[in-house]
Amino acid sequence: MIHKIHIQNFKSLHDVEVDLAPLTVLIGRSGSGKTNFVDAIRFLRSFLAGGQNFLNSLSQLGEWRRTTSASLDQPSVDVECRFSVGEIPDVFDYGVRIGSPDDKKPVQCLRESLSFGERTVFSVRWGQHPQGQTKRSYTGLGWKTEPDLIDCPDPRKTPPPFLAAFPAMEETVLAHVALTDGIGCYDFPGSILQPSTKAPKEGPNGGLHDNGANYLETMREIVSNLSDLRTRKQMVAALRQISPTVASVELDDHRDPKSAIVSHTFEGRGRLGLKLDQESEGLRRFYAHLLALNQVPPKQTLIFEEPEKGIYPGGLEVLAGELKNCAESGRSQVILTTHSPQLLDHFDPESIRVVEIDANATRIGPIAPEQLEAVKGEMLDTGELLTVDPARTESSVAQ
């Protein structure tokens, strides 16, 4: 899971450091920077998954300016991430700087490093010219700490990211998987779980794609896992709380599925099978979240933007329970944004991070101590942090 992330000069995130828990709920007004925070994690994942192709796309003037629009005087975006992998006791620290060494060169990797525990696995950066008098006089990428390899590659001839360049080193492989296939970012559209032959792959290769386009393959992985029948039963039980007539959800053909069939039981009338795309938007959205939470293998970190969209208020307690169970069981870390007081009511105040914006700069932190005490003392409901007494951070109170 991601324990801490430090982001500099990404859109409105001028300099933001956030501590993340197994379950973290981001709240704040529209335009405060919640989506920018999620996009920064996507930015890191896209660089590690796409490498030079991703950097080439950033070199297009419009795309790079949108990325660094928070402070155009800065030539680079910095992301530093502390995370753990599975049951390994030591933590990883990964950092990268993406930008341009001067105005005439394309966007590229300017610095990259990985530490594991107390050891630096590798560190590479642009070196300043020994006799250069200007700030932007560089010699090119060079090792600050070489990886422990007999045949160490020349960083000037190695395409980024360097995290993917050393398959002989277990630490780099684990870290790369954790920060690419190990992260899912979901903002499901109203058309979710409807068949589309034109839906492109979105996100990393493993598991449910960000846009849910490969949901049939994800379902097949779950229903084919005969050693864990409990998960599919729990998913149906959760659906039944949304729609009481649901009896099962199965693929039309587990070898080559073309659709999913939702079976409904009507007392005295038998069963009726409907294609999943014939179901209501609310049921499809809810089931999409269940697929993300229970995909095989599980992702280390799941990020959901406004999961309450399209789901009727009575179903939000069920959804909150599924999100919390996923995090509390250790299956996946869960990070979500929300504008729903009803959904927020079901989360502990300690899991909340408030997102604020001041002078076009986003800041993120725990809720103010007096608001935390008010919620704990039951003088304020958690959901009222979005209505009656809008949540604020301690730093905003100090101002």
# chains A, B, ... in the order shown; residues from 1 in each chain; ligands from 1
>>> residues_around(residues="Gly51 of chain A", least_positions_apart="5", cutoff="8 Å", atoms="only C-alpha atoms", output="mmCIF file with C-alpha atoms, in the first residue's frame")
data_model
loop_
_atom_site.group_PDB
_atom_site.id
_atom_site.type_symbol
_atom_site.label_atom_id
_atom_site.label_comp_id
_atom_site.auth_asym_id
_atom_site.auth_seq_id
_atom_site.Cartn_x
_atom_site.Cartn_y
_atom_site.Cartn_z
ATOM 1 C CA SER A 46 1.442 6.261 -16.686
ATOM 2 C CA PRO A 159 15.152 4.292 -21.976
ATOM 3 C CA PRO A 160 13.141 5.386 -18.924
ATOM 4 C CA PRO A 161 11.872 4.407 -16.516
#
>>> residues_around(residues="segment 177-184 of chain A", least_positions_apart="4", cutoff="8 Å", atoms="only C-alpha atoms", output="list in words")
Leu44, Arg45, Ser46, Leu48, Ala49, Val85, Val173, Gly203, Pro204, Asn205, Gly206, Gly207, Leu208, His209, Asp210, Pro298, Lys299, Gln300, Thr301, Leu302 and Ile303 of chain A
>>> residues_around(residues="His289 of chain A", least_positions_apart="2", cutoff="12 Å", atoms="only C-alpha atoms", output="number ranges by chain")
A: 184-189, 192-193, 208, 210-212, 215, 218, 235, 238-239, 282-287, 291-295, 302-309, 311, 316, 318-323, 326, 334, 336
>>> write_last_selection(atoms="N, CA and C atoms", output="compact mmCIF listing (two decimals), in the first residue's frame")
# COMPACT_ATOMS: atom_id res chain seq x y z
N GLY A 184 -5.30 0.70 -9.31
CA GLY A 184 -6.47 0.90 -10.15
C GLY A 184 -7.14 2.21 -9.82
N CYS A 185 -7.46 3.01 -10.84
CA CYS A 185 -8.11 4.32 -10.65
C CYS A 185 -9.45 4.30 -11.37
N TYR A 186 -10.54 4.37 -10.62
CA TYR A 186 -11.86 4.15 -11.20
C TYR A 186 -12.79 5.34 -11.01
N ASP A 187 -13.33 5.81 -12.11
CA ASP A 187 -14.38 6.83 -12.14
C ASP A 187 -15.39 6.36 -13.17
N PHE A 188 -16.26 5.43 -12.74
CA PHE A 188 -17.10 4.71 -13.69
C PHE A 188 -18.16 5.61 -14.33
N PRO A 189 -18.29 5.55 -15.67
CA PRO A 189 -19.32 6.33 -16.35
C PRO A 189 -20.69 5.67 -16.22
N ILE A 192 -21.23 2.17 -17.76
CA ILE A 192 -20.36 1.10 -17.27
C ILE A 192 -21.05 -0.27 -17.40
N LEU A 193 -20.26 -1.28 -17.71
CA LEU A 193 -20.69 -2.68 -17.84
C LEU A 193 -21.69 -2.88 -18.97
N LEU A 208 -8.94 -5.30 -13.63
CA LEU A 208 -9.99 -4.51 -14.24
C LEU A 208 -9.44 -3.18 -14.73
N ASP A 210 -9.31 0.72 -15.99
CA ASP A 210 -9.90 1.89 -15.34
C ASP A 210 -11.31 2.18 -15.83
N ASN A 211 -11.57 1.94 -17.12
CA ASN A 211 -12.90 2.22 -17.66
C ASN A 211 -13.82 0.99 -17.61
N GLY A 212 -13.36 -0.10 -17.01
CA GLY A 212 -14.19 -1.28 -16.85
C GLY A 212 -14.49 -2.02 -18.14
N TYR A 215 -14.67 -5.99 -18.26
CA TYR A 215 -15.36 -6.55 -17.09
C TYR A 215 -15.69 -8.03 -17.25
N THR A 218 -12.71 -9.91 -16.21
CA THR A 218 -12.58 -9.82 -14.76
C THR A 218 -13.55 -10.75 -14.06
N MET A 235 -20.63 -11.34 -3.19
CA MET A 235 -20.96 -10.32 -4.18
C MET A 235 -22.46 -10.34 -4.50
N ALA A 238 -24.40 -8.90 -1.59
CA ALA A 238 -24.36 -7.45 -1.59
C ALA A 238 -25.32 -6.88 -2.63
N LEU A 239 -25.35 -7.48 -3.82
CA LEU A 239 -26.27 -7.04 -4.86
C LEU A 239 -27.72 -7.18 -4.42
N GLY A 282 -27.79 2.26 -11.64
CA GLY A 282 -27.35 2.12 -10.25
C GLY A 282 -26.82 0.74 -9.94
N LEU A 283 -27.52 -0.31 -10.43
CA LEU A 283 -27.06 -1.68 -10.18
C LEU A 283 -25.74 -1.94 -10.90
N ARG A 284 -25.63 -1.45 -12.15
CA ARG A 284 -24.38 -1.66 -12.87
C ARG A 284 -23.21 -0.94 -12.21
N ARG A 285 -23.43 0.28 -11.77
CA ARG A 285 -22.36 0.99 -11.07
C ARG A 285 -21.94 0.24 -9.80
N PHE A 286 -22.94 -0.22 -9.05
CA PHE A 286 -22.64 -0.94 -7.81
C PHE A 286 -21.84 -2.20 -8.10
N TYR A 287 -22.27 -2.96 -9.12
CA TYR A 287 -21.57 -4.20 -9.45
C TYR A 287 -20.17 -3.93 -9.98
N LEU A 291 -16.72 -5.63 -8.64
CA LEU A 291 -15.71 -6.27 -9.48
C LEU A 291 -14.33 -5.70 -9.18
N ALA A 292 -14.23 -4.38 -9.02
CA ALA A 292 -12.95 -3.76 -8.71
C ALA A 292 -12.43 -4.23 -7.36
N LEU A 293 -13.32 -4.32 -6.38
CA LEU A 293 -12.91 -4.69 -5.03
C LEU A 293 -12.52 -6.16 -4.91
N ASN A 294 -13.07 -7.00 -5.79
CA ASN A 294 -12.86 -8.45 -5.68
C ASN A 294 -12.10 -9.04 -6.86
N GLN A 295 -11.50 -8.21 -7.72
CA GLN A 295 -10.78 -8.73 -8.88
C GLN A 295 -9.62 -9.64 -8.46
N LEU A 302 -6.64 0.71 -4.61
CA LEU A 302 -7.81 1.01 -5.42
C LEU A 302 -8.25 2.43 -5.14
N ILE A 303 -8.44 3.22 -6.20
CA ILE A 303 -8.86 4.61 -6.06
C ILE A 303 -10.19 4.79 -6.76
N PHE A 304 -11.19 5.30 -6.03
CA PHE A 304 -12.52 5.51 -6.58
C PHE A 304 -12.88 6.99 -6.48
N GLU A 305 -13.30 7.56 -7.61
CA GLU A 305 -13.78 8.93 -7.60
C GLU A 305 -15.30 8.95 -7.54
N GLU A 306 -15.80 9.55 -6.47
CA GLU A 306 -17.24 9.71 -6.25
C GLU A 306 -18.01 8.42 -6.52
N PRO A 307 -17.74 7.36 -5.76
CA PRO A 307 -18.41 6.08 -6.00
C PRO A 307 -19.92 6.14 -5.77
N GLU A 308 -20.40 7.21 -5.13
CA GLU A 308 -21.83 7.33 -4.85
C GLU A 308 -22.67 7.65 -6.08
N LYS A 309 -22.04 8.08 -7.17
CA LYS A 309 -22.79 8.53 -8.34
C LYS A 309 -23.69 7.42 -8.88
N ILE A 311 -26.04 5.75 -7.49
CA ILE A 311 -26.51 4.74 -6.53
C ILE A 311 -27.47 5.41 -5.56
N LEU A 316 -26.00 3.24 -0.26
CA LEU A 316 -24.68 3.77 0.07
C LEU A 316 -24.09 3.11 1.31
N VAL A 318 -24.45 -0.02 2.09
CA VAL A 318 -23.91 -1.29 1.60
C VAL A 318 -22.58 -1.06 0.89
N LEU A 319 -22.54 -0.04 0.05
CA LEU A 319 -21.31 0.27 -0.68
C LEU A 319 -20.19 0.63 0.28
N ALA A 320 -20.49 1.46 1.29
CA ALA A 320 -19.47 1.83 2.28
C ALA A 320 -18.95 0.59 3.00
N GLY A 321 -19.86 -0.33 3.31
CA GLY A 321 -19.43 -1.55 3.98
C GLY A 321 -18.48 -2.37 3.12
N GLU A 322 -18.75 -2.46 1.82
CA GLU A 322 -17.86 -3.20 0.92
C GLU A 322 -16.49 -2.52 0.83
N LEU A 323 -16.47 -1.21 0.74
CA LEU A 323 -15.20 -0.47 0.68
C LEU A 323 -14.39 -0.68 1.96
N CYS A 326 -12.96 -4.30 2.32
CA CYS A 326 -11.81 -4.53 1.45
C CYS A 326 -10.53 -4.02 2.11
N VAL A 334 -7.78 1.25 -0.01
CA VAL A 334 -8.87 1.95 -0.69
C VAL A 334 -8.73 3.45 -0.44
N LEU A 336 -10.74 7.04 -1.74
CA LEU A 336 -11.90 7.50 -2.48
C LEU A 336 -12.14 8.98 -2.24
>>> residues_around(residues="Ile335 of chain A", least_positions_apart="3", cutoff="6 Å", atoms="only C-alpha atoms", output="PyMOL selection string")
chain A and resi 23-25+303
>>> atom_distance(atom1="atom CA of Glu328 of chain A", atom2="atom CA of Lys34 of chain A")
23.3 Å
>>> closest_residue(among="A:Ala175, A:Leu58, A:Val354, A:Phe122", to="Ile88 of chain A", atoms="only C-alpha atoms")
A:Ala175
>>> closest_residue(among="A:Asp102, A:Glu63, A:Glu80, A:Asp348", to="Glu373 of chain A", atoms="only C-alpha atoms")
A:Asp348
>>> closest_residue(among="A:Met169, A:Leu274, A:Leu163, A:Leu55", to="Ile150 of chain A", atoms="only C-alpha atoms")
A:Met169
>>> select_by_dssp(residues="segment 3-161 of chain A", states="strand (DSSP E)", output="ChimeraX atom specification")
/A:3-10,13-19,23-27,76-83,92-99,108-116,119-128,138-145
>>> write_last_selection(atoms="C-alpha atoms", output="compact mmCIF listing (two decimals), in the first residue's frame")
# COMPACT_ATOMS: atom_id res chain seq x y z
CA HIS A 3 1.92 5.11 2.93
CA LYS A 4 2.92 8.60 1.85
CA ILE A 5 3.08 10.56 -1.38
CA HIS A 6 4.77 13.92 -1.98
CA ILE A 7 3.78 15.81 -5.14
CA GLN A 8 5.30 19.06 -6.41
CA ASN A 9 4.21 21.27 -9.30
CA PHE A 10 1.43 19.07 -10.67
CA LEU A 13 -0.56 20.61 -6.26
CA HIS A 14 2.33 23.02 -5.79
CA ASP A 15 3.82 21.16 -2.82
CA VAL A 16 1.59 18.56 -1.18
CA GLU A 17 2.54 15.68 1.10
CA VAL A 18 -0.21 13.26 2.14
CA ASP A 19 -0.15 10.39 4.62
CA LEU A 23 -8.75 3.49 3.95
CA THR A 24 -8.56 7.19 3.06
CA VAL A 25 -11.51 9.43 2.20
CA LEU A 26 -10.79 12.71 0.41
CA ILE A 27 -13.39 15.46 0.80
CA SER A 76 9.54 19.87 -13.70
CA VAL A 77 7.04 17.70 -11.84
CA ASP A 78 8.28 15.76 -8.82
CA VAL A 79 6.58 12.72 -7.28
CA GLU A 80 7.95 10.80 -4.30
CA CYS A 81 6.16 7.75 -2.98
CA ARG A 82 6.68 5.56 0.10
CA PHE A 83 4.94 2.20 -0.16
CA PHE A 92 10.15 1.18 -0.64
CA ASP A 93 10.85 4.83 -1.45
CA TYR A 94 10.56 5.80 -5.10
CA GLY A 95 11.06 9.25 -6.56
CA VAL A 96 11.03 10.73 -10.04
CA ARG A 97 11.42 14.18 -11.59
CA ILE A 98 9.98 14.74 -15.05
CA GLY A 99 10.62 17.89 -17.05
CA GLN A 108 12.19 13.63 -20.14
CA CYS A 109 13.19 11.92 -16.92
CA LEU A 110 15.57 14.21 -14.99
CA ARG A 111 15.90 12.21 -11.80
CA GLU A 112 14.84 8.76 -10.61
CA SER A 113 15.67 6.72 -7.52
CA LEU A 114 14.58 3.71 -5.52
CA SER A 115 15.41 2.82 -1.94
CA PHE A 116 14.47 -0.35 -0.10
CA ARG A 119 19.59 0.77 1.10
CA THR A 120 19.57 2.84 -2.08
CA VAL A 121 18.90 0.41 -4.93
CA PHE A 122 19.73 2.97 -7.63
CA SER A 123 19.76 6.70 -8.16
CA VAL A 124 20.20 8.52 -11.46
CA ARG A 125 19.99 12.20 -12.34
CA TRP A 126 21.02 14.86 -14.81
CA GLY A 127 24.45 16.17 -13.95
CA GLN A 128 25.39 19.83 -14.06
CA TYR A 138 23.64 19.81 -17.99
CA THR A 139 25.80 16.92 -19.14
CA GLY A 140 23.01 14.30 -19.27
CA LEU A 141 21.90 11.44 -17.09
CA GLY A 142 24.47 9.83 -14.83
CA TRP A 143 24.51 7.41 -11.92
CA LYS A 144 24.50 8.87 -8.44
CA THR A 145 24.18 5.34 -7.02
>>> select_by_dssp(residues="segment 94-326 of chain A", states="helix (DSSP H, G or I)", output="ChimeraX atom specification")
/A:155-157,162-164,170-179,215-223,229-242,276-278,281-294,313-326
>>> atom_distance(atom1="atom CA of Met219 of chain A", atom2="atom CA of Gly273 of chain A")
17.1 Å
>>> atom_distance(atom1="atom CA of Pro366 of chain A", atom2="atom CA of Pro313 of chain A")
26.0 Å
